[in-house]
Each structure stands twice: as C-alpha cells, then as structure tokens.
file coords.tsv (TSV, C-alpha atoms)
chain	number	residue	atom	x	y	z
A	6	MET	CA	-110.64	46.99	-170.18
A	7	SER	CA	-112.19	47.29	-173.62
A	8	ARG	CA	-115.90	47.50	-174.36
A	9	HIS	CA	-118.41	45.21	-172.65
A	10	GLY	CA	-116.03	44.35	-169.82
A	11	LYS	CA	-113.54	42.65	-172.10
A	12	ARG	CA	-109.79	42.76	-171.61
A	13	ALA	CA	-107.81	45.28	-173.57
A	14	ASP	CA	-105.97	42.45	-175.36
A	15	VAL	CA	-109.03	40.90	-177.02
A	16	ILE	CA	-108.83	41.18	-180.81
A	17	VAL	CA	-111.77	43.31	-181.93
A	18	HIS	CA	-112.91	42.62	-185.50
A	19	GLU	CA	-115.94	44.90	-185.42
A	20	GLU	CA	-117.21	47.46	-182.93
A	21	GLU	CA	-120.91	47.37	-183.91
A	22	PRO	CA	-122.12	44.72	-183.87
A	23	PHE	CA	-119.42	43.77	-181.40
A	24	ASN	CA	-117.19	40.92	-182.60
A	25	ALA	CA	-114.00	40.01	-180.77
A	26	GLU	CA	-111.81	36.97	-180.33
A	27	THR	CA	-109.64	35.74	-177.49
A	28	GLY	CA	-105.90	36.19	-177.81
A	29	ARG	CA	-103.71	33.10	-177.84
A	30	ALA	CA	-102.12	33.97	-174.48
A	31	ALA	CA	-105.52	34.17	-172.78
A	32	LEU	CA	-106.60	30.85	-174.33
A	33	ALA	CA	-103.44	29.25	-172.95
A	34	GLU	CA	-103.91	30.55	-169.39
A	35	SER	CA	-106.35	27.87	-168.25
A	36	PRO	CA	-108.54	25.07	-169.60
A	37	LEU	CA	-111.49	27.31	-168.64
A	38	THR	CA	-111.54	30.56	-170.62
A	39	ALA	CA	-111.90	33.68	-168.49
A	40	THR	CA	-115.19	35.46	-169.11
A	41	ASP	CA	-113.49	38.81	-169.69
A	42	ALA	CA	-111.47	37.20	-172.51
A	43	PHE	CA	-114.18	34.94	-173.98
A	44	TYR	CA	-114.93	35.53	-177.66
A	45	VAL	CA	-118.05	37.35	-178.84
A	46	ARG	CA	-119.84	36.80	-182.15
A	47	GLY	CA	-122.62	39.30	-182.68
A	48	HIS	CA	-124.96	39.97	-185.61
A	49	GLY	CA	-126.81	42.98	-184.23
A	50	ALA	CA	-126.82	45.48	-181.39
A	51	ILE	CA	-126.94	43.99	-177.89
A	52	PRO	CA	-130.57	44.27	-176.80
A	53	GLU	CA	-131.51	45.92	-173.53
A	54	VAL	CA	-133.56	43.39	-171.55
A	55	ASP	CA	-135.24	43.91	-168.18
A	56	PRO	CA	-134.97	40.55	-166.36
A	57	ALA	CA	-137.98	41.41	-164.21
A	58	THR	CA	-140.35	41.64	-167.19
A	59	TRP	CA	-138.60	39.19	-169.52
A	60	ARG	CA	-140.58	36.12	-170.60
A	61	LEU	CA	-139.72	32.98	-172.55
A	62	ARG	CA	-142.43	31.76	-174.90
A	63	VAL	CA	-142.51	28.05	-175.86
A	64	HIS	CA	-144.94	27.21	-178.65
A	65	GLY	CA	-145.40	25.41	-181.98
A	66	LEU	CA	-145.95	21.66	-182.20
A	67	VAL	CA	-146.60	21.23	-178.50
A	68	GLU	CA	-149.59	20.19	-176.44
A	69	ARG	CA	-149.11	23.10	-174.08
A	70	ASP	CA	-147.80	26.59	-174.82
A	71	LEU	CA	-145.59	28.02	-172.07
A	72	ASP	CA	-144.89	31.55	-170.91
A	73	LEU	CA	-142.04	31.38	-168.41
A	74	SER	CA	-140.40	34.03	-166.25
A	75	LEU	CA	-136.86	33.80	-164.91
A	76	THR	CA	-138.27	33.15	-161.45
A	77	THR	CA	-140.27	30.21	-162.79
A	78	LEU	CA	-137.17	28.78	-164.48
A	79	PHE	CA	-135.18	29.16	-161.25
A	80	GLU	CA	-137.83	27.61	-159.03
A	81	ALA	CA	-139.68	25.05	-161.14
A	82	PHE	CA	-136.78	23.20	-162.78
A	83	ARG	CA	-133.68	21.46	-161.50
A	84	GLU	CA	-130.45	23.39	-161.98
A	85	HIS	CA	-127.78	21.89	-164.23
A	86	ILE	CA	-124.11	22.82	-164.70
A	87	GLU	CA	-122.23	21.81	-167.86
A	88	THR	CA	-118.67	22.51	-168.94
A	89	ALA	CA	-118.74	23.06	-172.68
A	90	THR	CA	-116.67	24.53	-175.48
A	91	LEU	CA	-118.30	26.94	-177.90
A	92	GLN	CA	-116.71	27.54	-181.29
A	93	CYS	CA	-117.67	29.88	-184.09
A	94	ALA	CA	-118.03	28.31	-187.53
A	95	GLY	CA	-115.60	30.95	-188.80
A	96	ASN	CA	-112.85	30.04	-186.33
A	97	ARG	CA	-109.41	30.14	-188.06
A	98	ARG	CA	-110.90	31.85	-191.15
A	99	ALA	CA	-107.74	33.96	-191.42
A	100	GLY	CA	-105.90	30.90	-192.71
A	101	LEU	CA	-108.37	30.56	-195.58
A	102	ILE	CA	-108.20	34.29	-196.33
A	103	ALA	CA	-104.44	33.84	-196.70
A	104	VAL	CA	-105.16	31.33	-199.48
A	105	ARG	CA	-107.64	33.62	-201.25
A	106	ASP	CA	-109.55	36.69	-200.13
A	107	ILE	CA	-113.05	36.29	-198.66
A	108	PRO	CA	-114.65	39.75	-198.95
A	109	GLY	CA	-117.03	40.84	-196.22
A	110	GLU	CA	-115.99	38.20	-193.69
A	111	ALA	CA	-114.01	38.90	-190.51
A	112	PRO	CA	-110.50	37.38	-190.41
A	113	TRP	CA	-111.03	35.30	-187.28
A	114	GLY	CA	-107.91	33.61	-185.97
A	115	PRO	CA	-107.93	30.63	-183.59
A	116	GLY	CA	-109.59	32.59	-180.77
A	117	ALA	CA	-113.24	32.35	-181.89
A	118	THR	CA	-113.59	29.56	-179.35
A	119	GLY	CA	-113.60	29.12	-175.60
A	120	THR	CA	-114.64	26.83	-172.78
A	121	ALA	CA	-116.77	27.80	-169.80
A	122	THR	CA	-119.01	26.33	-167.16
A	123	TRP	CA	-122.66	27.08	-167.91
A	124	THR	CA	-125.46	27.04	-165.34
A	125	GLY	CA	-129.17	26.83	-166.11
A	126	VAL	CA	-131.92	24.33	-166.75
A	127	ALA	CA	-132.02	21.46	-169.22
A	128	LEU	CA	-133.93	22.37	-172.36
A	129	ALA	CA	-135.25	18.81	-172.24
A	130	ASP	CA	-137.06	19.54	-168.96
A	131	VAL	CA	-138.79	22.59	-170.44
A	132	LEU	CA	-139.79	20.65	-173.54
A	133	ALA	CA	-141.14	17.84	-171.39
A	134	LEU	CA	-143.49	20.32	-169.74
A	135	ALA	CA	-144.67	21.57	-173.15
A	136	ARG	CA	-145.01	17.99	-174.51
A	137	PRO	CA	-143.96	18.00	-178.19
A	138	LEU	CA	-146.46	16.50	-180.63
A	139	ARG	CA	-145.86	13.49	-182.89
A	140	ASP	CA	-144.79	15.57	-185.91
A	141	ALA	CA	-142.20	17.54	-183.95
A	142	ALA	CA	-138.66	17.03	-185.26
A	143	HIS	CA	-136.78	20.30	-184.67
A	144	VAL	CA	-136.54	22.98	-182.00
A	145	GLY	CA	-136.04	26.59	-183.08
A	146	PHE	CA	-134.72	29.50	-181.05
A	147	VAL	CA	-135.23	33.25	-181.53
A	148	GLY	CA	-133.04	35.82	-179.84
A	149	GLY	CA	-133.70	39.43	-178.93
A	150	ASP	CA	-130.95	40.77	-181.18
A	151	PHE	CA	-132.21	42.36	-184.39
A	152	CYS	CA	-129.89	41.94	-187.37
A	153	PRO	CA	-130.19	44.62	-190.10
A	154	ALA	CA	-127.64	42.89	-192.34
A	155	ALA	CA	-129.81	39.79	-192.73
A	156	ARG	CA	-131.91	39.51	-195.87
A	157	PRO	CA	-134.61	40.38	-194.96
A	158	ALA	CA	-133.65	42.08	-191.69
A	159	GLN	CA	-134.72	39.86	-188.79
A	160	HIS	CA	-133.99	38.63	-185.30
A	161	PHE	CA	-131.23	36.07	-184.98
A	162	GLY	CA	-132.48	32.50	-184.88
A	163	GLY	CA	-131.73	28.87	-185.63
A	164	SER	CA	-132.74	25.33	-184.78
A	165	ILE	CA	-131.39	21.95	-183.74
A	166	PRO	CA	-132.92	18.48	-184.14
A	167	LEU	CA	-135.41	17.51	-181.45
A	168	ASP	CA	-133.36	14.48	-180.44
A	169	LYS	CA	-130.39	16.75	-179.67
A	170	ALA	CA	-132.63	19.26	-177.88
A	171	CYS	CA	-133.82	16.47	-175.58
A	172	ARG	CA	-130.29	15.56	-174.52
A	173	PRO	CA	-129.39	16.59	-170.95
A	174	GLU	CA	-126.35	18.63	-171.99
A	175	VAL	CA	-128.36	21.27	-173.88
A	176	LEU	CA	-129.04	24.12	-171.47
A	177	LEU	CA	-131.03	27.29	-171.13
A	178	ALA	CA	-128.25	29.08	-169.26
A	179	TRP	CA	-128.36	32.10	-167.00
A	180	ALA	CA	-124.79	31.92	-165.64
A	181	MET	CA	-121.29	31.56	-167.08
A	182	ASN	CA	-118.21	30.59	-165.06
A	183	GLY	CA	-120.22	30.88	-161.86
A	184	ALA	CA	-121.49	34.42	-162.42
A	185	PRO	CA	-124.71	35.75	-163.98
A	186	LEU	CA	-124.51	36.09	-167.76
A	187	ALA	CA	-123.17	39.42	-168.92
A	188	PRO	CA	-125.31	41.28	-171.47
A	189	VAL	CA	-122.68	40.69	-174.16
A	190	HIS	CA	-123.02	36.93	-173.63
A	191	GLY	CA	-126.81	36.80	-173.82
A	192	ALA	CA	-128.32	37.85	-170.48
A	193	PRO	CA	-130.74	37.07	-169.08
A	194	LEU	CA	-130.94	33.67	-170.82
A	195	ARG	CA	-129.19	31.93	-173.68
A	196	VAL	CA	-129.09	28.50	-175.25
A	197	VAL	CA	-125.93	26.39	-174.92
A	198	VAL	CA	-125.76	23.53	-177.44
A	199	PRO	CA	-122.56	21.57	-176.74
A	200	GLY	CA	-120.85	20.07	-179.78
A	201	TYR	CA	-122.62	22.36	-182.29
A	202	ILE	CA	-121.39	25.55	-183.94
A	203	GLY	CA	-121.80	28.61	-181.76
A	204	ALA	CA	-124.57	30.00	-183.98
A	205	ARG	CA	-126.96	27.41	-182.54
A	206	SER	CA	-126.35	28.66	-178.99
A	207	VAL	CA	-128.72	31.58	-179.44
A	208	LYS	CA	-128.29	34.50	-177.03
A	209	TRP	CA	-130.93	36.80	-175.46
A	210	LEU	CA	-133.42	33.99	-175.89
A	211	GLU	CA	-137.04	35.10	-176.28
A	212	ARG	CA	-138.84	32.27	-178.01
A	213	ILE	CA	-138.64	28.50	-178.52
A	214	GLU	CA	-140.63	27.03	-181.40
A	215	VAL	CA	-141.07	23.27	-181.75
A	216	ARG	CA	-141.23	22.52	-185.48
A	217	ALA	CA	-141.55	19.80	-188.08
A	218	THR	CA	-138.74	21.27	-190.24
A	219	PRO	CA	-135.40	23.04	-189.68
A	220	TRP	CA	-135.36	26.79	-189.16
A	221	ARG	CA	-135.94	28.73	-192.37
A	222	GLY	CA	-134.52	32.04	-191.17
A	223	TYR	CA	-131.57	33.74	-192.83
A	224	PHE	CA	-128.89	32.58	-190.41
A	225	GLN	CA	-129.62	28.89	-190.88
A	226	HIS	CA	-131.07	28.75	-194.39
A	227	VAL	CA	-128.56	31.13	-196.03
A	228	ALA	CA	-125.67	32.34	-193.88
A	229	TYR	CA	-124.29	29.39	-191.90
A	230	ARG	CA	-123.91	26.92	-194.75
A	231	LEU	CA	-120.83	25.33	-196.29
A	232	LEU	CA	-120.62	26.13	-200.00
A	233	PRO	CA	-118.49	24.48	-202.68
A	234	GLU	CA	-115.51	26.49	-203.89
A	235	ASP	CA	-117.50	27.95	-206.79
A	236	GLY	CA	-120.77	28.28	-204.86
A	237	THR	CA	-122.87	31.37	-204.26
A	238	PRO	CA	-124.75	32.01	-201.00
A	239	GLY	CA	-128.50	31.65	-201.34
A	240	PRO	CA	-131.50	30.03	-199.67
A	241	GLY	CA	-130.74	26.35	-199.17
A	242	ALA	CA	-127.41	26.50	-201.03
A	243	GLY	CA	-124.63	24.27	-199.75
A	244	MET	CA	-124.71	22.18	-196.58
A	245	PRO	CA	-126.13	23.40	-193.27
A	246	LEU	CA	-123.54	23.66	-190.53
A	247	GLY	CA	-124.28	21.93	-187.25
A	248	ILE	CA	-121.80	19.66	-185.49
A	249	VAL	CA	-118.35	21.20	-185.04
A	250	ALA	CA	-115.56	19.57	-187.04
A	251	LEU	CA	-112.44	18.23	-185.30
A	252	ASN	CA	-110.09	21.17	-184.87
A	253	ALA	CA	-106.89	22.20	-183.09
A	254	ASP	CA	-104.39	25.01	-182.98
A	255	VAL	CA	-101.05	25.98	-181.49
A	256	LEU	CA	-101.20	28.62	-178.76
A	257	SER	CA	-97.48	28.80	-177.99
A	258	PRO	CA	-94.96	29.50	-179.41
A	259	ALA	CA	-96.44	32.08	-181.78
A	260	ASP	CA	-95.91	31.94	-185.51
A	261	GLY	CA	-92.75	33.89	-186.35
A	262	GLU	CA	-91.46	33.87	-182.76
A	263	THR	CA	-87.78	33.52	-181.89
A	264	VAL	CA	-87.17	30.99	-179.11
A	265	PRO	CA	-83.99	29.74	-177.41
A	266	ALA	CA	-82.50	26.68	-179.08
A	267	GLY	CA	-82.91	23.46	-177.11
A	268	PRO	CA	-86.00	22.16	-175.30
A	269	VAL	CA	-89.15	24.15	-176.20
A	270	VAL	CA	-92.66	23.55	-174.87
A	271	VAL	CA	-95.39	23.65	-177.52
A	272	CYS	CA	-98.99	23.96	-176.30
A	273	GLY	CA	-102.43	24.36	-177.78
A	274	TYR	CA	-106.04	23.16	-177.79
A	275	ALA	CA	-107.98	20.46	-179.62
A	276	PHE	CA	-111.74	20.01	-179.84
A	277	ALA	CA	-114.01	17.40	-181.40
A	278	GLY	CA	-117.71	18.26	-181.78
A	279	GLY	CA	-120.79	16.07	-181.72
A	280	GLU	CA	-120.46	12.81	-179.81
A	281	ARG	CA	-116.72	12.56	-180.48
A	282	HIS	CA	-113.84	13.41	-178.16
A	283	VAL	CA	-110.16	14.18	-178.68
A	284	ALA	CA	-108.18	10.96	-178.50
A	285	ARG	CA	-104.65	12.08	-179.43
A	286	VAL	CA	-102.56	15.04	-180.56
A	287	ASP	CA	-99.33	14.61	-182.54
A	288	VAL	CA	-96.50	17.06	-183.28
A	289	SER	CA	-94.06	16.95	-186.19
A	290	LEU	CA	-90.86	18.88	-186.89
A	291	ASP	CA	-90.17	17.39	-190.33
A	292	HIS	CA	-93.27	18.42	-192.33
A	293	GLY	CA	-95.21	15.36	-191.23
A	294	ALA	CA	-92.67	12.66	-192.08
A	295	THR	CA	-92.54	11.57	-188.42
A	296	TRP	CA	-94.67	12.43	-185.42
A	297	SER	CA	-94.39	12.44	-181.62
A	298	GLN	CA	-97.36	12.28	-179.31
A	299	ALA	CA	-98.33	15.28	-177.19
A	300	GLU	CA	-99.60	15.07	-173.63
A	301	LEU	CA	-103.33	15.66	-173.21
A	302	LEU	CA	-103.98	17.87	-170.20
A	303	GLU	CA	-106.99	18.15	-167.88
A	304	ASP	CA	-110.16	16.39	-169.02
A	305	LEU	CA	-113.07	18.74	-168.37
A	306	GLY	CA	-115.72	16.33	-169.66
A	307	ARG	CA	-117.17	15.07	-172.91
A	308	TRP	CA	-118.31	18.49	-174.18
A	309	ALA	CA	-115.06	20.38	-173.61
A	310	TRP	CA	-111.81	20.77	-175.51
A	311	ARG	CA	-108.47	19.35	-174.35
A	312	HIS	CA	-105.46	21.49	-173.82
A	313	TRP	CA	-102.24	19.70	-174.79
A	314	ARG	CA	-98.49	20.21	-174.61
A	315	ALA	CA	-95.36	18.66	-176.09
A	316	ARG	CA	-91.68	19.18	-175.45
A	317	VAL	CA	-89.55	19.39	-178.61
A	318	ASP	CA	-85.84	19.91	-179.07
A	319	LEU	CA	-84.95	22.62	-181.57
A	320	ALA	CA	-81.48	23.02	-183.04
A	321	PRO	CA	-80.44	26.56	-183.97
A	322	GLY	CA	-82.18	27.65	-187.17
A	323	GLU	CA	-85.62	27.83	-188.76
A	324	HIS	CA	-88.31	25.26	-187.91
A	325	GLU	CA	-91.92	24.50	-188.83
A	326	ILE	CA	-94.05	22.85	-186.13
A	327	VAL	CA	-97.03	20.91	-187.50
A	328	VAL	CA	-99.83	19.54	-185.31
A	329	ARG	CA	-102.63	17.07	-185.95
A	330	ALA	CA	-105.42	15.98	-183.62
A	331	TRP	CA	-107.27	12.66	-183.76
A	332	ASP	CA	-110.76	12.05	-182.44
A	333	SER	CA	-112.50	8.99	-181.06
A	334	SER	CA	-113.77	7.99	-184.52
A	335	ALA	CA	-110.12	7.79	-185.72
A	336	ALA	CA	-110.57	10.91	-187.87
A	337	THR	CA	-107.75	13.41	-188.13
A	338	GLN	CA	-107.30	16.90	-189.55
A	339	PRO	CA	-106.81	17.66	-193.26
A	340	GLU	CA	-103.27	18.53	-194.29
A	341	ASP	CA	-103.81	21.65	-196.36
A	342	GLU	CA	-105.84	24.85	-195.98
A	343	ALA	CA	-105.93	25.48	-199.73
A	344	ALA	CA	-108.12	22.40	-200.24
A	345	LEU	CA	-110.63	23.71	-197.66
A	346	TRP	CA	-111.20	27.19	-199.10
A	347	ASN	CA	-114.87	28.14	-199.45
A	348	PRO	CA	-116.68	31.43	-200.16
A	349	LYS	CA	-117.72	32.00	-196.53
A	350	GLY	CA	-114.51	30.82	-194.88
A	351	TYR	CA	-116.06	28.17	-192.66
A	352	VAL	CA	-114.65	24.96	-191.16
A	353	ASN	CA	-110.94	25.61	-191.44
A	354	ASN	CA	-109.72	22.58	-189.53
A	355	ALA	CA	-106.47	22.04	-191.41
A	356	ARG	CA	-103.41	21.00	-189.45
A	357	PRO	CA	-101.99	24.14	-187.81
A	358	ARG	CA	-98.42	25.13	-188.61
A	359	VAL	CA	-96.17	27.62	-186.84
A	360	ARG	CA	-92.76	28.73	-188.01
A	361	VAL	CA	-90.21	29.62	-185.36
A	362	ARG	CA	-86.55	30.56	-185.27
A	363	ALA	CA	-84.42	28.85	-182.65
A	364	ALA	CA	-81.56	31.13	-181.58
A	365	ALA	CA	-78.32	29.76	-180.19
A	366	PRO	CA	-77.58	30.80	-176.58

call {"tool": "encode", "arguments": {"input": "coords.tsv", "output": "structure tokens"}}
result
Amino acid sequence: MSRHGKRADVIVHEEEPFNAETGRAALAESPLTATDAFYVRGHGAIPEVDPATWRLRVHGLVERDLDLSLTTLFEAFREHIETATLQCAGNRRAGLIAVRDIPGEAPWGPGATGTATWTGVALADVLALARPLRDAAHVGFVGGDFCPAARPAQHFGGSIPLDKACRPEVLLAWAMNGAPLAPVHGAPLRVVVPGYIGARSVKWLERIEVRATPWRGYFQHVAYRLLPEDGTPGPGAGMPLGIVALNADVLSPADGETVPAGPVVVCGYAFAGGERHVARVDVSLDHGATWSQAELLEDLGRWAWRHWRARVDLAPGEHEIVVRAWDSSAATQPEDEAALWNPKGYVNNARPRVRVRAAAP
C-alpha cells in the first residue's frame, strides 16, 4: 500500500499535497472504483478533524442559521445513497501537455476520475431547514483544508447554483462505497455534486454559505476557469468550469501494447456530465473513416459513467484505435487535442487514440 491507504499502483503526481490518479487496470476492474484506488486531488495538507467536536455551520441568505453535529445529521435527516462519478477538470491533461507544455500543472492521465456509491443526507433537506431567502441564488462550500499556494492563501472553497443544490442527488456524504469516508477523501463530511467537476465536491466540509453571487474565492474565481489559448489566469478571466464535458478513454489495450493478431477486446469508460447521459460509444480502426458500435455495459444510474467494450479484429501489423462517445443531446467528442489546448490544461475531451501492434501467432 502507498500513502493514505492507497494501492501501490496508484500514480502519484505529488506527495504533499497528495495528488494521485487511478491506474487504467484498476479503472477497468469494475464499474465501481475501489476506494483504495480512487483518485485524490488535493490543494493543501489533509486536515485533522475530530468527528466528536466537528460542526457544520449553515449561514448567509437564510432565515435560520444552523450549527449541526454529525449526530444531528445522522438522526434528523433521511439517509440517501447515490452512485456518482467524480472527475477532475484536469483529467487527461497529459494529452494537452504532449501538444505543448503546461508549466506548473500535473500531467494527469485518464485516471483522475472514478465512480463510487456515496451515503449521506441530501443538501436540499439541510437547506430546507435553513430556508433560503428570496435573493439566494448560489450555495458556497468551505473545506477544512488550507491551501498555501492560493493567492491569497485560503481554505478551499467553491459554489454551485441554488437550483442544483436543491436537487436530490447533491449529498453531504459521510460514507463511500459502504464504508465511512477516509480522511484522504474528506472525512468526516464532504459534498458530492454529481455531474459537476470534482472541485465543487468540497471535502472536509466546515461551512455552507447561501449567497446571491457565485463564490469569489481563488479556486472558483481564478483557478478553475477555462482560458483561451493566449489567456492569462486572473480574477474572473475565462469561463468558470462547472458541468463536466462529455469524455471517454480507452482502458485496454494500453497505448504501445503488443497484442496477438486476431480478435481483440477493447474496453474503456465514457461519462457525460450535467443532465446528459452516454448514449453510444463508437470504435474506428481506419482513422475515423468508418465506425462500429461498442457495447455499453452496466448502467449504474443517471449520475454514473458507462463502461463499454468492443471486439475488433486486428491483422498483423500496426493499428490505431480511435474512440468517440455520444451523449443524449447528440453531442460527440472533438477530434483533435491540439485544438483544445489551453494554459491550464482543462477539459481535454478529445477522442482517445491508442496505437497497438498486432503480432502474428
């Protein structure tokens, strides 16, 4: 095992703060990602929190401020379980770095994503008790992790629109895959915002602020924003990131792998954020001239990815396997990573390509 109870085969990008992604083999094991392989995106040291003294403050544009203990959350609200995929905005950044360097940003591959079952209470139920006022339009979250690299240094935070916060799928979660949250995943309580970038699912939750405007902290107003190719990060620059873009990747075979000629099984994942769902996945062996449809595997619900697989026949020689996903709005993935390059390396959802060599028996 590596640090924080993670498998030795997780890909560690940074030791402190701890940042690690799931290997392709672990992602392919099951539609639900094992907790000991699940990716971690951290911006500061993991805080030490005593669950017995921990409190959640709810305040801002509400009729009634709340100060809630874990026991109150367990006993006063109905428990909810949601299966949901989380995905970092920098997932697949390595493909953009291959186009042009992105200094200071971790080269995340396709493993900054994972799917788990989350147990907790609906944020909507807590907000209903606090009773948001007429001017309320956004719900902000503040975590216990302090982030020295932010400008100025501050606790991690972000917000989502009030209408999303009032949806039943948004949880204040205390368990993951049927077990209490591990400290590395936000114990004792974290937010889970299905369909949105992982940065909105704030860990080590300490405070909820109901607001008239989006969060003005560094991680929403500066860091997690999509810039034009010639843009420079700064307050309010670019577009704020929220709903996850349609994305997919190949988990097997690996890029550069040698496989036996003949029938080969190709497998991977596809995920559509927001209100959309994956409708189809196609595979091409001729650079996109023709396509065959992959099989979509187990449906875990509207907030989870779909694993998929396809059987292709490879003659001896070199091959490029190209994949494209389609979502329920009939959108598909862009063809080329070069056209998606941006200074922070976000939203690489280009069609994945793996090159394999088929060896004759």

call {"tool": "atom_distance", "arguments": {"input": "coords.tsv", "atom1": "atom CA of A:Leu319", "atom2": "atom CA of A:Ala363"}}
result
6.3 Å

call {"tool": "closest_residue", "arguments": {"input": "coords.tsv", "among": "A:Gly163, A:Pro193, A:Gly65, A:Gly200", "to": "A:Pro137", "atoms": "all atoms listed in the file"}}
result
A:Gly65

call {"tool": "closest_residue", "arguments": {"input": "coords.tsv", "among": "A:Asn347, A:Thr58, A:Thr90, A:Asn24", "to": "A:His312", "atoms": "all atoms listed in the file"}}
result
A:Thr90

call {"tool": "closest_residue", "arguments": {"input": "coords.tsv", "among": "A:Asp72, A:Glu21, A:Asp260, A:Glu87", "to": "A:Val198", "atoms": "only C-alpha atoms"}}
result
A:Glu87

call {"tool": "residues_near_point", "arguments": {"input": "coords.tsv", "point": "(-97.1, 13.1, -189.7)", "cutoff": "12 Å", "atoms": "only C-alpha atoms", "output": "MDAnalysis selection string"}}
result
chainID A and resid 286:298 326:331 337:340 356

call {"tool": "atom_distance", "arguments": {"input": "coords.tsv", "atom1": "atom CA of A:Gly236", "atom2": "atom CA of A:Ile107"}}
result
12.7 Å

call {"tool": "closest_residue", "arguments": {"input": "coords.tsv", "among": "A:Ala111, A:Val215, A:Leu75, A:Ala81", "to": "A:Arg195", "atoms": "all atoms listed in the file"}}
result
A:Leu75

call {"tool": "residues_around", "arguments": {"input": "coords.tsv", "residues": "stretch 205-208 of chain A", "least_positions_apart": "6", "cutoff": "10 Å", "atoms": "all atoms listed in the file", "output": "PyMOL selection string"}}
result
chain A and resi 47+51+91-93+145-150+161-165+175-178+188-199+224-225+229+246-248

call {"tool": "residues_around", "arguments": {"input": "coords.tsv", "residues": "A:Gly116", "least_positions_apart": "5", "cutoff": "6 Å", "atoms": "all atoms listed in the file", "output": "list of chain:residue names"}}
result
A:Glu26, A:Thr27, A:Gly28

call {"tool": "closest_residue", "arguments": {"input": "coords.tsv", "among": "A:Gly183, A:Leu134, A:Ile102, A:Tyr223", "to": "A:Glu342", "atoms": "all atoms listed in the file"}}
result
A:Ile102

call {"tool": "closest_residue", "arguments": {"input": "coords.tsv", "among": "A:Gly95, A:Gly49, A:Pro185, A:Gly239", "to": "A:Ala154", "atoms": "all atoms listed in the file"}}
result
A:Gly49

call {"tool": "atom_distance", "arguments": {"input": "coords.tsv", "atom1": "atom CA of A:Arg98", "atom2": "atom CA of A:Val15"}}
result
16.9 Å

call {"tool": "residues_near_point", "arguments": {"input": "coords.tsv", "point": "(-84.7, 28.4, -187.9)", "cutoff": "10 Å", "atoms": "only C-alpha atoms", "output": "list in words"}}
result
Gly261, Thr263, Val264, Ala266, Leu319, Ala320, Pro321, Gly322, Glu323, His324, Glu325, Arg360, Val361, Arg362, Ala363 and Ala364 of chain A

call {"tool": "decode", "arguments": {"input": "coords.tsv", "residues": "stretch 61-67 of chain A", "atoms": "all heavy atoms", "output": "short mmCIF file (atom, residue, chain, number, x, y, z; two decimals), in the first residue's frame"}}
result
data_model
loop_
_atom_site.label_atom_id
_atom_site.label_comp_id
_atom_site.auth_asym_id
_atom_site.auth_seq_id
_atom_site.Cartn_x
_atom_site.Cartn_y
_atom_site.Cartn_z
N LEU A 61 -20.94 21.65 11.46
CA LEU A 61 -21.21 22.23 10.15
C LEU A 61 -22.04 23.48 10.36
O LEU A 61 -23.16 23.42 10.90
CB LEU A 61 -21.96 21.25 9.25
CG LEU A 61 -22.43 21.81 7.90
CD1 LEU A 61 -21.23 22.21 7.04
CD2 LEU A 61 -23.29 20.78 7.17
N ARG A 62 -21.52 24.62 9.92
CA ARG A 62 -22.25 25.88 10.01
C ARG A 62 -22.95 26.17 8.69
O ARG A 62 -22.32 26.08 7.62
CB ARG A 62 -21.29 27.01 10.35
CG ARG A 62 -21.98 28.36 10.51
CD ARG A 62 -20.97 29.48 10.69
NE ARG A 62 -21.62 30.79 10.75
CZ ARG A 62 -21.03 31.93 10.47
NH1 ARG A 62 -19.75 31.95 10.12
NH2 ARG A 62 -21.70 33.07 10.53
N VAL A 63 -24.23 26.51 8.73
CA VAL A 63 -25.00 26.92 7.55
C VAL A 63 -25.48 28.34 7.82
O VAL A 63 -26.16 28.60 8.82
CB VAL A 63 -26.20 25.99 7.31
CG1 VAL A 63 -26.94 26.39 6.03
CG2 VAL A 63 -25.74 24.53 7.23
N HIS A 64 -25.12 29.27 6.93
CA HIS A 64 -25.44 30.67 7.19
C HIS A 64 -25.55 31.42 5.86
O HIS A 64 -25.55 30.83 4.79
CB HIS A 64 -24.34 31.30 8.08
CG HIS A 64 -23.02 31.44 7.39
ND1 HIS A 64 -22.44 32.66 7.09
CD2 HIS A 64 -22.15 30.49 6.91
CE1 HIS A 64 -21.29 32.47 6.47
NE2 HIS A 64 -21.09 31.17 6.36
N GLY A 65 -25.64 32.74 5.94
CA GLY A 65 -25.76 33.57 4.74
C GLY A 65 -27.19 34.02 4.54
O GLY A 65 -27.87 34.44 5.50
N LEU A 66 -27.66 33.94 3.31
CA LEU A 66 -29.01 34.39 2.97
C LEU A 66 -30.04 33.32 3.33
O LEU A 66 -30.66 32.69 2.47
CB LEU A 66 -29.08 34.74 1.48
CG LEU A 66 -28.20 35.91 1.03
CD1 LEU A 66 -28.31 36.12 -0.47
CD2 LEU A 66 -28.59 37.19 1.78
N VAL A 67 -30.18 33.11 4.63
CA VAL A 67 -31.12 32.12 5.14
C VAL A 67 -31.92 32.74 6.29
O VAL A 67 -31.47 33.67 6.96
CB VAL A 67 -30.41 30.85 5.63
CG1 VAL A 67 -29.75 30.13 4.47
CG2 VAL A 67 -29.39 31.17 6.72
#
